[in-house]
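As structure tokens, the structure follows; a few thoughts come after it.
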Amino acid sequence: EGGALRGGPRTLLKPRQKGGTAMTEAMLTPWGEALDREHPLPEYPRPQLRRNSYLNLNGIWEYAITKTAEKPAAMQGEIVVPFSPETPLSGVGHILQPDEYLWYRRSVTLPEGFFRGGRLLLHFGAVDQWAWVYVNGLLAGTHTGGYTAFTLDITKLLREGENTLTVAVRDDTDTVPLARGKQKTKRGGIWYTPQSGIWQTVWAELVPERYIGSLLFTPELPAGRIRWQVFSAAPQGAKVSVTYQGEPVAEGGTDADGCGSAVIAPEQLHLWAPETPELYDVTVTLGADTVKSYFAMRTAGTGRDAAGHPCLLLNGQPDFHHGVLDQGYWPDGLYTAPSDEALIYDIQLMKRLGFNMLRKHIKIEPMRWYYHCDRLGMLVWQDMPSGGGRYNLLTISAPLITGIHLKDSHYRLFARTDPDGRDSFRQELEEMIRQLQNCPCIVLWVPFNEGWGQFDAKQITRLVRKLDPTRLIDHASGWHDQGVSDVRSLHVYF
């Protein structure tokens, strides 16, 4: 579970001075060495729902760290967004403490013609853990949870000319029961340096008054049918056009619930697999709004092979998943890869080494990572980041030594006595599934790992199946199996 940092060749640099803070020795990747501080990670961050209007807000912001929730009178220096202040690439080198607040500020002048009618949406890929967003000094909205994306409509708060964005962040890491993954205030062993604040792309886009919020594609085999749902305040009447390598394949519309479907002709049916990552391109138009997306024809399930052995199925055929535990930590960016090319390098390297699966461990990646897995052909087992109180070593280690699997309704044993923490877990889990549900590469959900903050896994499994009945579930990876999973998962260390 500890694993090693990955991300390509590294160069060891001497301690350096940036942003007025002395930094410890930093292991920079080649992509980190080549970082454009003014324009980091400029790519469109959400390939599953693309529009022409796009304003990337990554780059140099001002920052300050305070001991109170009062806005600072002055900022302290510069930070490179979207790298957390704990990372070398941020230029700060400060570990945010549970009693501190991190403040971001930058001015934005919208491009000419960018804001003429319609709505302006402000998107955050992820901010760890609590975020308060202000536009021109007025609160635009808040978000709790350090791993999922959120969007704010800031139209009414904008003014002509220059606008000021301010983001306040608090991150209590492992001192509160929110999802934290492998972050720990005192790192060591299998626990890693904590990070805080904005760690995924910040961006804005212009949309019409009636716009598409999200899309969902559900393939059905062997019928060759693709079902879709367009989510909007008024989704009826959307037009959906499907192409494959530029050639028309299918088209249709949506009913009052935003639903529709089409059958793909057998000669145009191309199944997705790691060896053949076939994707269909989609254009969806709803009134004045047009978005681009994609989907794959693939299904995931369980069954038996020719010898009668239970096995995993991909597209109805036995498929052996062999992969690695991919923790997504970078020596120079921690949770944040230094470039899009770095993400691609990691995935392609695992394919060259012969693997066809990555278990995304206790972390949710930026949407571009899943897009690259989709187009390059990599199966993904997606973990939910763990949370809860301080873990009981005897509880989380008991099955490893004794083989005994405890009932996870004993909240105290599993460090889950806080009802608000349990509610937050369910909410964050639902946000994760809805955010990632359109990624063909994901074939299995992992709600809990090795008893870390595990609770009510039977009910959680029912929740996951209700949210997404198309994928497999490993409800308690490692141990403390409650007998409700699609697979039995054992972590054998000795």
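Lettering and numbering for the structure tokens are positional, with chains as A, B, ... in the shown order, residues counted from 1 in each chain, and ligands counted from 1 in the shown order.
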
Open item on the list: Report as a ChimeraX atom specification all protein, DNA and RNA residues lying within 6 Å of Ile362 (chain A), evaluated on only C-alpha atoms, omitting residues in the same chain fewer than 3 positions from it.
Closed with: /A:181,383-385

Grab the residues selected above and save them as a PDB file, in the first residue's frame with N, CA, C and O atoms.
```pdb
ATOM      1  N   GLY A 181      -7.721  10.593   1.914  1.00  0.00           N
ATOM      2  CA  GLY A 181      -6.815   9.708   1.206  1.00  0.00           C
ATOM      3  C   GLY A 181      -5.613   9.333   2.048  1.00  0.00           C
ATOM      4  O   GLY A 181      -5.739   9.003   3.224  1.00  0.00           O
ATOM      5  N   ASP A 383     -10.953   3.939  -6.629  1.00  0.00           N
ATOM      6  CA  ASP A 383     -11.166   4.003  -5.188  1.00  0.00           C
ATOM      7  C   ASP A 383     -11.918   5.279  -4.806  1.00  0.00           C
ATOM      8  O   ASP A 383     -11.782   6.312  -5.457  1.00  0.00           O
ATOM      9  N   MET A 384     -12.654   5.187  -3.717  1.00  0.00           N
ATOM     10  CA  MET A 384     -13.150   6.374  -3.031  1.00  0.00           C
ATOM     11  C   MET A 384     -12.102   6.765  -2.000  1.00  0.00           C
ATOM     12  O   MET A 384     -11.656   5.915  -1.223  1.00  0.00           O
ATOM     13  N   PRO A 385     -11.651   8.028  -1.959  1.00  0.00           N
ATOM     14  CA  PRO A 385     -10.695   8.442  -0.926  1.00  0.00           C
ATOM     15  C   PRO A 385     -11.236   8.162   0.469  1.00  0.00           C
ATOM     16  O   PRO A 385     -12.412   8.402   0.753  1.00  0.00           O
TER      17      PRO A 385
END
```

Open item on the list: Residues of region 229-418 of chain A classed as strand (DSSP E) by DSSP on the backbone are to be reported as number ranges by chain.
Closed with: A: 229-231, 239-244, 247-253, 259-263, 280-286, 289-295, 300-304, 310-314, 317-318, 323-326, 357-360, 379-383

- [ ] For Arg426 (chain A), list every protein, DNA or RNA residue within 12 Å, evaluated using only C-alpha atoms, and leave out those in the same chain fewer than 2 positions away; present the list as an NGL selection string.
- [x] :A and (145 or 178-179 or 384-388 or 419-424 or 428-433 or 447-448 or 454-457 or 459-464 or 467)

Store the residues picked out above in a file with N, CA and C atoms, as a compact mmCIF listing (two decimals), in the first residue's frame.
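The file below, part36.txt, is the result:
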```
# COMPACT_ATOMS: atom_id res chain seq x y z
N GLY A 145 -15.14 19.21 0.61
CA GLY A 145 -14.62 17.99 0.00
C GLY A 145 -13.46 18.30 -0.92
N LEU A 178 -13.46 14.08 7.24
CA LEU A 178 -13.66 14.19 5.79
C LEU A 178 -12.67 13.30 5.05
N ALA A 179 -12.98 13.03 3.77
CA ALA A 179 -12.08 12.24 2.94
C ALA A 179 -10.72 12.93 2.84
N MET A 384 -12.65 5.19 -3.72
CA MET A 384 -13.15 6.37 -3.03
C MET A 384 -12.10 6.77 -2.00
N PRO A 385 -11.65 8.03 -1.96
CA PRO A 385 -10.69 8.44 -0.93
C PRO A 385 -11.24 8.16 0.47
N SER A 386 -10.39 7.65 1.33
CA SER A 386 -10.81 7.24 2.66
C SER A 386 -10.88 8.42 3.62
N GLY A 387 -11.66 8.25 4.69
CA GLY A 387 -11.81 9.29 5.70
C GLY A 387 -12.07 8.66 7.05
N GLY A 388 -12.75 9.39 7.91
CA GLY A 388 -13.02 8.90 9.25
C GLY A 388 -12.06 9.48 10.27
N PRO A 419 -21.48 11.01 12.98
CA PRO A 419 -22.53 10.86 11.95
C PRO A 419 -22.38 11.85 10.80
N ASP A 420 -21.89 13.06 11.09
CA ASP A 420 -21.67 14.04 10.02
C ASP A 420 -20.58 13.55 9.07
N GLY A 421 -19.56 12.90 9.62
CA GLY A 421 -18.51 12.35 8.78
C GLY A 421 -19.02 11.25 7.87
N ARG A 422 -19.92 10.43 8.39
CA ARG A 422 -20.51 9.37 7.56
C ARG A 422 -21.38 9.97 6.46
N ASP A 423 -22.13 11.01 6.80
CA ASP A 423 -22.94 11.69 5.79
C ASP A 423 -22.07 12.32 4.72
N SER A 424 -20.97 12.93 5.14
CA SER A 424 -20.06 13.56 4.17
C SER A 424 -19.47 12.52 3.22
N GLU A 428 -19.77 12.72 -0.77
CA GLU A 428 -18.58 12.77 -1.62
C GLU A 428 -18.53 11.56 -2.56
N LEU A 429 -18.96 10.39 -2.06
CA LEU A 429 -19.01 9.20 -2.90
C LEU A 429 -19.96 9.40 -4.07
N GLU A 430 -21.13 9.97 -3.80
CA GLU A 430 -22.10 10.22 -4.87
C GLU A 430 -21.55 11.25 -5.86
N GLU A 431 -20.89 12.30 -5.36
CA GLU A 431 -20.30 13.29 -6.25
C GLU A 431 -19.25 12.65 -7.15
N MET A 432 -18.42 11.75 -6.58
CA MET A 432 -17.38 11.09 -7.37
C MET A 432 -17.98 10.25 -8.49
N ILE A 433 -18.99 9.45 -8.16
CA ILE A 433 -19.57 8.57 -9.17
C ILE A 433 -20.23 9.38 -10.27
N PRO A 447 -15.32 1.30 -2.78
CA PRO A 447 -15.71 2.25 -1.74
C PRO A 447 -14.75 2.29 -0.55
N PHE A 448 -14.24 1.11 -0.12
CA PHE A 448 -13.41 1.07 1.09
C PHE A 448 -12.15 0.25 0.85
N GLN A 454 -14.00 2.35 7.18
CA GLN A 454 -15.09 1.58 6.61
C GLN A 454 -16.31 1.60 7.54
N PHE A 455 -17.50 1.63 6.94
CA PHE A 455 -18.73 1.56 7.73
C PHE A 455 -19.89 1.18 6.82
N ASP A 456 -20.82 0.43 7.33
CA ASP A 456 -22.07 0.10 6.63
C ASP A 456 -21.84 -0.24 5.17
N ALA A 457 -20.88 -1.10 4.90
CA ALA A 457 -20.50 -1.40 3.51
C ALA A 457 -21.66 -2.01 2.71
N GLN A 459 -24.88 -1.20 2.98
CA GLN A 459 -25.71 -0.09 2.53
C GLN A 459 -24.99 0.76 1.49
N ILE A 460 -23.68 0.95 1.68
CA ILE A 460 -22.90 1.73 0.72
C ILE A 460 -22.90 1.03 -0.64
N THR A 461 -22.79 -0.28 -0.64
CA THR A 461 -22.81 -1.04 -1.89
C THR A 461 -24.15 -0.88 -2.60
N ARG A 462 -25.24 -0.90 -1.84
CA ARG A 462 -26.55 -0.68 -2.45
C ARG A 462 -26.64 0.71 -3.05
N LEU A 463 -26.06 1.70 -2.37
CA LEU A 463 -26.05 3.07 -2.88
C LEU A 463 -25.28 3.14 -4.20
N VAL A 464 -24.11 2.51 -4.25
CA VAL A 464 -23.30 2.54 -5.47
C VAL A 464 -24.03 1.86 -6.62
N LEU A 467 -26.67 4.16 -7.95
CA LEU A 467 -26.10 5.26 -8.73
C LEU A 467 -25.56 4.77 -10.07
```

Find the residues around region 337-339 of chain A up to 6 Å (only C-alpha atoms counted), leave out those fewer than 6 positions away in its own chain, and share them as a short mmCIF file (atom, residue, chain, number, x, y, z; two decimals) with C-alpha atoms, in the first residue's frame.
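Written out: result07.cif:
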```cif
data_model
loop_
_atom_site.label_atom_id
_atom_site.label_comp_id
_atom_site.auth_asym_id
_atom_site.auth_seq_id
_atom_site.Cartn_x
_atom_site.Cartn_y
_atom_site.Cartn_z
CA TRP A 31 8.06 18.19 -16.92
CA GLY A 32 8.37 20.14 -13.68
CA LEU A 41 -1.78 22.88 -17.47
#
```

Can I get the residues of region 138-172 of chain A within 10 Å of region 64-80 of chain A, each with the closest pair of atoms and their distance in Å to one decimal, using only C-alpha atoms, sorted chain first then ascending number, as a Markdown table?
```
| residue | atom | partner | partner_atom | distance |
| --- | --- | --- | --- | --- |
| A:Thr166 | CA | A:Lys71 | CA | 9.5 |
| A:Ala168 | CA | A:Ala69 | CA | 8.3 |
| A:Val169 | CA | A:Ala69 | CA | 9.4 |
| A:Arg170 | CA | A:Ala69 | CA | 9.1 |
```

Resulting file, chosen residues, N, CA and C atoms, as an mmCIF file, in the first residue's frame:
```cif
data_model
loop_
_atom_site.group_PDB
_atom_site.id
_atom_site.type_symbol
_atom_site.label_atom_id
_atom_site.label_comp_id
_atom_site.auth_asym_id
_atom_site.auth_seq_id
_atom_site.Cartn_x
_atom_site.Cartn_y
_atom_site.Cartn_z
ATOM 1 N N THR A 166 -11.391 35.831 -5.282
ATOM 2 C CA THR A 166 -10.741 35.507 -4.021
ATOM 3 C C THR A 166 -11.239 34.138 -3.555
ATOM 4 N N ALA A 168 -10.874 31.428 -0.320
ATOM 5 C CA ALA A 168 -10.372 31.102 1.019
ATOM 6 C C ALA A 168 -10.473 29.595 1.221
ATOM 7 N N VAL A 169 -9.443 29.010 1.815
ATOM 8 C CA VAL A 169 -9.380 27.564 1.980
ATOM 9 C C VAL A 169 -8.976 27.212 3.405
ATOM 10 N N ARG A 170 -9.618 26.195 3.934
ATOM 11 C CA ARG A 170 -9.171 25.590 5.182
ATOM 12 C C ARG A 170 -9.049 24.086 4.951
#
```

Task: Option closest in space to Tyr147 (chain A), from A:Asp99, A:Glu365, A:Asp319, A:Glu112 [counting only C-alpha atoms] - done: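 The shortest atom-to-atom distance to Tyr147 (chain A) comes from A:Glu365.
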
Task: From A:Gly137, A:Ala126, A:Gly333, A:His143, residue lying nearest Val92 (chain A) [only C-alpha atoms] - done: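 Counting only C-alpha atoms, the residue closest to Val92 (chain A) is A:Gly333.
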
Task: CA of Cys439 (chain A) to CA of Leu472 (chain A), straight-line distance in Å - done: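 That distance, rounded to one decimal, is 14.0 Å.
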